[in-house]
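Source file: entry.tsv; contents: TSV, C-alpha atoms.
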```tsv
chain	number	residue	atom	x	y	z
E	8	MET	CA	84.10	0.81	-10.23
E	9	ARG	CA	85.35	3.85	-12.14
E	10	ILE	CA	87.55	4.93	-9.22
E	11	PHE	CA	88.92	1.40	-9.06
E	12	ARG	CA	89.89	1.52	-12.74
E	13	VAL	CA	91.54	4.91	-12.31
E	14	LEU	CA	93.58	3.65	-9.36
E	15	LEU	CA	94.57	0.57	-11.34
E	16	ALA	CA	95.72	2.71	-14.27
E	17	VAL	CA	97.72	5.01	-11.99
E	18	LEU	CA	99.39	2.07	-10.23
E	19	ARG	CA	100.23	0.41	-13.53
E	20	THR	CA	101.73	3.63	-14.91
E	21	LEU	CA	103.85	4.14	-11.80
E	22	LEU	CA	105.15	0.58	-12.02
E	23	VAL	CA	106.03	0.87	-15.70
E	24	VAL	CA	107.62	4.32	-15.54
E	25	GLY	CA	109.43	3.84	-12.24
E	26	TYR	CA	110.60	0.29	-12.91
E	27	PRO	CA	114.05	1.07	-14.42
E	28	ALA	CA	115.03	3.49	-11.63
E	29	ALA	CA	113.71	1.17	-8.91
E	30	LEU	CA	115.52	-1.79	-10.42
E	31	TYR	CA	118.74	0.17	-10.70
E	32	LEU	CA	118.56	1.03	-7.00
E	33	GLY	CA	117.57	-2.54	-6.12
E	34	ILE	CA	120.44	-4.18	-8.00
E	35	THR	CA	122.99	-1.79	-6.50
E	36	HIS	CA	121.70	-2.14	-2.91
E	37	LEU	CA	120.01	-5.56	-2.59
E	38	GLU	CA	120.89	-9.17	-3.14
E	39	PRO	CA	119.33	-10.70	-6.28
E	40	ARG	CA	117.10	-13.08	-4.29
E	41	THR	CA	115.85	-10.30	-2.03
E	42	LEU	CA	115.22	-8.08	-5.03
E	43	GLY	CA	113.35	-10.88	-6.78
E	44	LEU	CA	111.05	-11.35	-3.81
E	45	VAL	CA	110.37	-7.60	-3.69
E	46	MET	CA	109.54	-7.55	-7.39
E	47	LEU	CA	107.25	-10.57	-7.03
E	48	GLY	CA	105.53	-8.76	-4.20
E	49	LEU	CA	104.83	-5.87	-6.57
E	50	LEU	CA	103.77	-8.05	-9.49
E	51	VAL	CA	101.27	-10.21	-7.63
E	52	PRO	CA	98.99	-7.35	-6.47
E	53	ASN	CA	99.11	-5.82	-9.94
E	54	LEU	CA	98.17	-9.18	-11.43
E	55	ALA	CA	95.27	-9.53	-9.00
E	56	LEU	CA	94.01	-6.04	-9.84
E	57	ARG	CA	94.15	-6.71	-13.58
E	58	LEU	CA	92.31	-10.00	-13.16
E	59	ALA	CA	89.59	-8.33	-11.14
E	60	ALA	CA	89.12	-5.59	-13.75
E	61	ALA	CA	89.24	-7.82	-16.84
E	62	PRO	CA	86.13	-9.43	-18.38
E	63	PRO	CA	86.03	-13.24	-18.02
E	64	GLU	CA	86.65	-13.85	-21.73
E	65	GLN	CA	89.82	-11.70	-21.69
E	66	ARG	CA	91.46	-13.05	-18.54
E	67	ARG	CA	93.71	-15.45	-20.40
E	68	ALA	CA	95.12	-12.64	-22.52
E	69	VAL	CA	95.48	-10.41	-19.46
E	70	LEU	CA	97.44	-13.11	-17.63
E	71	ARG	CA	99.92	-13.71	-20.42
E	72	LEU	CA	102.35	-10.85	-19.84
E	73	PRO	CA	102.23	-10.65	-16.00
E	74	LEU	CA	102.76	-14.41	-15.67
E	75	SER	CA	105.72	-14.25	-18.07
E	76	LEU	CA	107.21	-11.41	-16.04
E	77	ALA	CA	106.66	-13.32	-12.81
E	78	LEU	CA	108.41	-16.41	-14.24
E	79	LEU	CA	111.36	-14.28	-15.37
E	80	VAL	CA	111.65	-12.60	-11.99
E	81	GLY	CA	111.32	-15.96	-10.22
E	82	ALA	CA	114.12	-17.42	-12.34
E	83	GLY	CA	116.38	-14.47	-11.51
E	84	ALA	CA	115.63	-14.81	-7.81
E	85	ALA	CA	116.17	-18.59	-7.80
E	86	LEU	CA	119.45	-18.41	-9.71
E	87	GLY	CA	120.68	-15.22	-8.04
E	88	GLU	CA	121.26	-13.62	-11.45
E	89	PRO	CA	120.17	-9.96	-11.71
E	90	ARG	CA	120.48	-9.95	-15.53
E	91	PHE	CA	117.15	-11.77	-15.66
E	92	PHE	CA	115.52	-8.68	-14.21
E	93	LEU	CA	117.02	-6.54	-16.96
E	94	ALA	CA	115.28	-8.64	-19.59
E	95	LEU	CA	111.82	-7.47	-18.56
E	96	PRO	CA	111.69	-4.53	-21.05
E	97	VAL	CA	112.64	-6.98	-23.81
E	98	LEU	CA	109.71	-9.20	-22.88
E	99	VAL	CA	107.33	-6.23	-22.78
E	100	ASN	CA	108.40	-5.07	-26.25
E	101	LEU	CA	108.10	-8.57	-27.70
E	102	THR	CA	104.61	-8.87	-26.25
E	103	LEU	CA	103.59	-5.56	-27.81
E	104	LEU	CA	105.15	-6.69	-31.08
E	105	ALA	CA	103.12	-9.91	-31.00
E	106	ASN	CA	99.88	-8.00	-30.35
E	107	PHE	CA	100.44	-5.44	-33.10
E	108	ALA	CA	101.67	-8.01	-35.63
E	109	ALA	CA	98.77	-10.39	-34.92
E	110	SER	CA	96.28	-7.60	-35.62
E	111	LEU	CA	97.73	-7.24	-39.14
E	112	ARG	CA	96.30	-10.66	-39.94
E	113	THR	CA	92.80	-9.46	-39.14
E	114	PRO	CA	90.63	-7.00	-41.09
E	115	VAL	CA	91.02	-4.37	-38.33
E	116	SER	CA	94.55	-3.45	-37.25
E	117	LEU	CA	95.30	-2.46	-33.69
E	118	VAL	CA	95.88	1.19	-34.55
E	119	GLU	CA	92.58	1.26	-36.44
E	120	ARG	CA	90.84	-0.18	-33.39
E	121	TYR	CA	92.12	2.71	-31.30
E	122	ALA	CA	91.24	5.21	-34.03
E	123	ARG	CA	87.65	3.94	-34.21
E	124	MET	CA	87.22	4.74	-30.54
E	125	GLN	CA	87.40	8.42	-31.54
E	126	ASP	CA	85.87	8.17	-35.02
E	127	PRO	CA	83.64	5.12	-35.64
E	128	GLY	CA	83.07	6.12	-39.26
E	129	LEU	CA	86.71	5.92	-40.31
E	130	PRO	CA	87.17	6.39	-44.11
E	131	ASP	CA	88.82	3.66	-46.17
E	132	GLY	CA	91.89	5.79	-46.85
E	133	GLU	CA	92.53	6.20	-43.17
E	134	ARG	CA	92.04	2.48	-42.59
E	135	ASP	CA	94.96	1.77	-44.92
E	136	TYR	CA	96.96	4.45	-43.14
E	137	CYS	CA	96.27	2.83	-39.75
E	138	ARG	CA	97.58	-0.47	-41.09
E	139	GLN	CA	100.79	1.23	-42.21
E	140	VAL	CA	101.19	2.84	-38.78
E	141	THR	CA	100.70	-0.57	-37.14
E	142	ARG	CA	103.56	-1.94	-39.27
E	143	ALA	CA	105.75	1.01	-38.30
E	144	TRP	CA	105.17	0.34	-34.59
E	145	CYS	CA	106.04	-3.32	-35.14
E	146	TRP	CA	109.44	-2.29	-36.48
E	147	PHE	CA	109.88	0.08	-33.54
E	148	PHE	CA	109.22	-2.72	-31.04
E	149	VAL	CA	111.72	-4.96	-32.84
E	150	ALA	CA	114.41	-2.27	-32.67
E	151	ASN	CA	113.59	-1.31	-29.09
E	152	ALA	CA	113.67	-4.93	-27.91
E	153	GLY	CA	117.04	-5.41	-29.63
E	154	VAL	CA	118.56	-2.35	-27.98
E	155	CYS	CA	117.22	-3.36	-24.56
E	156	ALA	CA	118.62	-6.88	-24.99
E	157	VAL	CA	122.09	-5.63	-25.94
E	158	LEU	CA	122.15	-3.21	-23.02
E	159	ALA	CA	120.97	-5.92	-20.61
E	160	VAL	CA	123.71	-8.31	-21.67
E	161	ALA	CA	126.74	-6.20	-22.52
E	162	ALA	CA	126.33	-2.65	-21.19
E	163	PRO	CA	126.80	-1.10	-17.73
E	164	LEU	CA	123.70	-1.01	-15.57
E	165	ALA	CA	123.58	2.80	-15.68
E	166	TRP	CA	123.32	2.74	-19.49
E	167	TRP	CA	120.47	0.25	-19.33
E	168	ALA	CA	118.62	2.37	-16.76
E	169	LEU	CA	119.14	5.55	-18.78
E	170	TYR	CA	117.78	4.04	-21.99
E	171	THR	CA	114.87	2.05	-20.58
E	172	GLY	CA	113.88	4.74	-18.07
E	173	VAL	CA	114.36	7.92	-20.12
E	174	LEU	CA	115.43	7.57	-23.76
E	175	ALA	CA	112.93	4.87	-24.70
E	176	TYR	CA	110.03	6.99	-23.48
E	177	ILE	CA	111.37	9.99	-25.41
E	178	LEU	CA	111.50	7.86	-28.56
E	179	VAL	CA	107.93	6.68	-28.01
E	180	GLY	CA	106.74	10.26	-27.53
E	181	LEU	CA	108.65	11.35	-30.63
E	182	GLY	CA	107.02	8.54	-32.61
E	183	PHE	CA	103.55	9.60	-31.50
E	184	THR	CA	104.31	13.24	-32.36
E	185	ILE	CA	105.63	12.46	-35.85
E	186	GLU	CA	102.69	10.16	-36.60
E	187	TYR	CA	100.22	12.81	-35.43
E	188	ILE	CA	101.73	15.49	-37.67
E	189	VAL	CA	101.93	13.14	-40.67
E	190	ARG	CA	98.29	12.11	-40.18
E	191	LYS	CA	97.11	15.71	-40.01
E	192	ARG	CA	99.20	16.67	-43.05
E	193	THR	CA	97.91	13.70	-45.05
E	194	PHE	CA	94.18	13.92	-44.36
E	195	LEU	CA	93.80	17.61	-43.39
E	196	ARG	CA	91.19	16.86	-40.75
E	197	PHE	CA	91.46	19.25	-37.82
E	198	GLY	CA	89.47	19.76	-34.65
E	199	ASP	CA	88.62	22.88	-32.70
E	200	SER	CA	91.37	22.64	-30.08
E	201	LEU	CA	94.18	25.19	-30.06
E	202	PRO	CA	96.95	22.77	-31.20
E	203	GLU	CA	94.82	21.55	-34.10
E	204	ARG	CA	93.94	25.09	-35.15
E	205	LEU	CA	97.65	25.94	-35.19
E	206	LEU	CA	98.42	22.84	-37.24
E	207	ALA	CA	95.64	23.73	-39.63
E	208	ARG	CA	97.27	27.11	-40.28
E	209	LEU	CA	100.71	25.54	-40.72
E	210	LEU	CA	99.85	22.43	-42.72
E	211	THR	CA	96.93	23.46	-44.90
E	212	PRO	CA	98.23	24.63	-48.29
E	213	ARG	CA	97.21	28.12	-49.23
E	214	SER	CA	94.73	28.38	-52.09
E	215	THR	CA	96.04	29.77	-55.35
E	216	VAL	CA	94.79	33.26	-56.09
E	217	VAL	CA	93.08	33.36	-59.52
E	218	PRO	CA	93.23	36.80	-61.19
E	219	GLY	CA	89.76	38.31	-61.49
E	220	PRO	CA	88.37	40.81	-64.04
E	221	ALA	CA	89.72	44.31	-64.15
E	222	SER	CA	88.14	46.83	-61.85
E	223	PRO	CA	85.70	49.32	-63.38
E	224	SER	CA	87.99	52.24	-62.62
E	225	ALA	CA	90.75	50.67	-64.70
E	226	ALA	CA	88.53	50.03	-67.72
E	227	PRO	CA	88.50	52.73	-70.41
E	228	SER	CA	85.32	54.75	-70.68
E	229	PRO	CA	83.35	54.30	-73.89
E	230	ALA	CA	83.03	58.08	-74.19
E	231	SER	CA	86.76	58.73	-73.92
E	232	PRO	CA	88.97	57.87	-76.85
E	233	SER	CA	91.57	55.18	-76.53
E	234	PRO	CA	95.14	56.40	-76.24
E	235	ALA	CA	96.03	54.43	-79.31
E	236	SER	CA	93.16	55.77	-81.45
E	237	PRO	CA	93.73	58.84	-83.62
E	238	SER	CA	92.12	62.10	-82.61
E	239	PRO	CA	89.09	63.17	-84.70
E	240	LEU	CA	89.82	65.55	-87.62
E	241	PRO	CA	88.46	69.07	-87.30
E	242	ARG	CA	85.57	69.94	-89.57
E	243	ALA	CA	85.99	72.52	-92.24
```
Could you express the structure from this file as structure tokens?
Amino acid sequence: MRIFRVLLAVLRTLLVVGYPAALYLGITHLEPRTLGLVMLGLLVPNLALRLAAAPPEQRRAVLRLPLSLALLVGAGAALGEPRFFLALPVLVNLTLLANFAASLRTPVSLVERYARMQDPGLPDGERDYCRQVTRAWCWFFVANAGVCAVLAVAAPLAWWALYTGVLAYILVGLGFTIEYIVRKRTFLRFGDSLPERLLARLLTPRSTVVPGPASPSAAPSPASPSPASPSPLPRA
């Protein structure tokens, strides 16, 4: 079962990452109906794998996005319009937006749910932070969906493929990196790994050095006269 899940994750990652490049090649070399049938042939096995791996109570949620994608691809194949295929990243971003935004109405946000997988005893301050990060990702999905929609409708196909296949992933990685650094700088909780040890040295403020008492060697000896005191008078 574990091997099956690993294979499913690898297949899903390959489909998501390689989709823009494959679609670019398909639109430039295949008829829209032929391309739609090829895409449906890729979506159906993925849908079957996800259904087989999902618990019974979650199958409706698992079906939501793949069925929407299949309907969009089917419409593009039936109408012979390749622009329908370009709308798939928009649908994916809107689905992610719906999931993240819906979690804000519950006591546990989606980012907090992921954070609790690593730290079940999450402090209250970090719970509020996770809710703020969830809102930030919602705005990112709104902006990303808007850019993908504009490129799908009004831009050359090469621009769409460049953004959805390269630049969008760079932006996601940049978002994760910035959030990680901000979280470490805010809460100053570091692990034992090499990156976290380096961040601890860079982000932890240095403690202020409080001047201590003077060293014994610098203190005047009780037997020796002070420089400011007058010398004793000679006796008669």
With a distance cut-off of 10 Å and only C-alpha atoms, select the neighbouring residues of Ala122 of chain E, excluding the residue or stretch itself and same-chain residues fewer than 5 positions from it, and output the selection as an MDAnalysis selection string. chainID E and resid 116:117 127:129 133:134 137
Practice problem: Work out how far atom CA of Leu86 of chain E is from atom CA of Pro27 of chain E, in Å to one decimal. | Solution: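 Computing the Euclidean distance for atom CA of Pro27 of chain E and atom CA of Leu86 of chain E yields 20.8 Å.
Here atom CA of Phe183 of chain E stands at a distance of 27.8 Å from atom CA of Ala162 of chain E.
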Expressed in Å, the length from atom CA of Tyr121 of chain E to atom CA of Ile185 of chain E is 17.3 Å
Nearest to Leu49 of chain E by atom-to-atom distance, counting all atoms listed in the file, from E:Gly153, E:Pro63, E:Gly87, E:Pro73: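 Checking each of E:Gly153, E:Pro63, E:Gly87, E:Pro73 against Leu49 of chain E, counting all atoms listed in the file, the winner is E:Pro73.
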Neighbour list for Val115 of chain E as JSON, numbers by chain, cut-off 12 Å, all atoms listed in the file, skip fewer than 3 positions in-chain
{"E": [107, 108, 109, 110, 111, 112, 118, 119, 120, 121, 122, 123, 129, 131, 133, 134, 135, 136, 137, 138, 139, 141]}
Leaving out segment 97-102 of chain E and any residue of its chain fewer than 2 positions from it, which residues lie within 10 Å of it when counting only C-alpha atoms, given as a PDB file with C-alpha atoms, in the frame of the given file?
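Final output, around.pdb:
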```pdb
ATOM      1  CA  ARG E  71      99.920 -13.710 -20.420  1.00  0.00           C
ATOM      2  CA  LEU E  72     102.350 -10.850 -19.840  1.00  0.00           C
ATOM      3  CA  PRO E  73     102.230 -10.650 -16.000  1.00  0.00           C
ATOM      4  CA  SER E  75     105.720 -14.250 -18.070  1.00  0.00           C
ATOM      5  CA  LEU E  76     107.210 -11.410 -16.040  1.00  0.00           C
ATOM      6  CA  LEU E  79     111.360 -14.280 -15.370  1.00  0.00           C
ATOM      7  CA  LEU E  93     117.020  -6.540 -16.960  1.00  0.00           C
ATOM      8  CA  ALA E  94     115.280  -8.640 -19.590  1.00  0.00           C
ATOM      9  CA  LEU E  95     111.820  -7.470 -18.560  1.00  0.00           C
ATOM     10  CA  LEU E 104     105.150  -6.690 -31.080  1.00  0.00           C
ATOM     11  CA  ALA E 105     103.120  -9.910 -31.000  1.00  0.00           C
ATOM     12  CA  ASN E 106      99.880  -8.000 -30.350  1.00  0.00           C
ATOM     13  CA  PHE E 107     100.440  -5.440 -33.100  1.00  0.00           C
ATOM     14  CA  ALA E 108     101.670  -8.010 -35.630  1.00  0.00           C
ATOM     15  CA  CYS E 145     106.040  -3.320 -35.140  1.00  0.00           C
ATOM     16  CA  PHE E 147     109.880   0.080 -33.540  1.00  0.00           C
ATOM     17  CA  PHE E 148     109.220  -2.720 -31.040  1.00  0.00           C
ATOM     18  CA  VAL E 149     111.720  -4.960 -32.840  1.00  0.00           C
ATOM     19  CA  ALA E 150     114.410  -2.270 -32.670  1.00  0.00           C
ATOM     20  CA  ASN E 151     113.590  -1.310 -29.090  1.00  0.00           C
ATOM     21  CA  ALA E 152     113.670  -4.930 -27.910  1.00  0.00           C
ATOM     22  CA  GLY E 153     117.040  -5.410 -29.630  1.00  0.00           C
ATOM     23  CA  VAL E 154     118.560  -2.350 -27.980  1.00  0.00           C
ATOM     24  CA  CYS E 155     117.220  -3.360 -24.560  1.00  0.00           C
ATOM     25  CA  ALA E 156     118.620  -6.880 -24.990  1.00  0.00           C
ATOM     26  CA  VAL E 157     122.090  -5.630 -25.940  1.00  0.00           C
ATOM     27  CA  ALA E 159     120.970  -5.920 -20.610  1.00  0.00           C
ATOM     28  CA  THR E 171     114.870   2.050 -20.580  1.00  0.00           C
TER      29      THR E 171
END
```
Residues at most 8 Å from segment 32-46 of chain E, counting only C-alpha atoms, excluding those fewer than 4 positions away in the same chain, as a PyMOL selection string?
chain E and resi 28+50+80-81+83-89
Point out the residue among E:Ala55, E:Leu70, E:Val140, E:Leu30 with the least atom-to-atom distance to Pro96 of chain E, counting only C-alpha atoms.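 The closest residue to Pro96 of chain E is E:Leu30.
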**Asked** Which residues come within 10 Å of Glu186 of chain E, counting only C-alpha atoms, excluding same-chain residues fewer than 6 positions away, as a ChimeraX atom specification?
**Response** /E:140,143,180,192
Box in all listed atoms of segment 69-87 of chain E, axis-aligned, with 3 Å more on each side; write out centre and edge lengths in Å to one decimal as JSON.
```
{"center_x": 108.1, "center_y": -14.5, "center_z": -14.1, "size_x": 31.2, "size_y": 14.2, "size_z": 18.6}
```
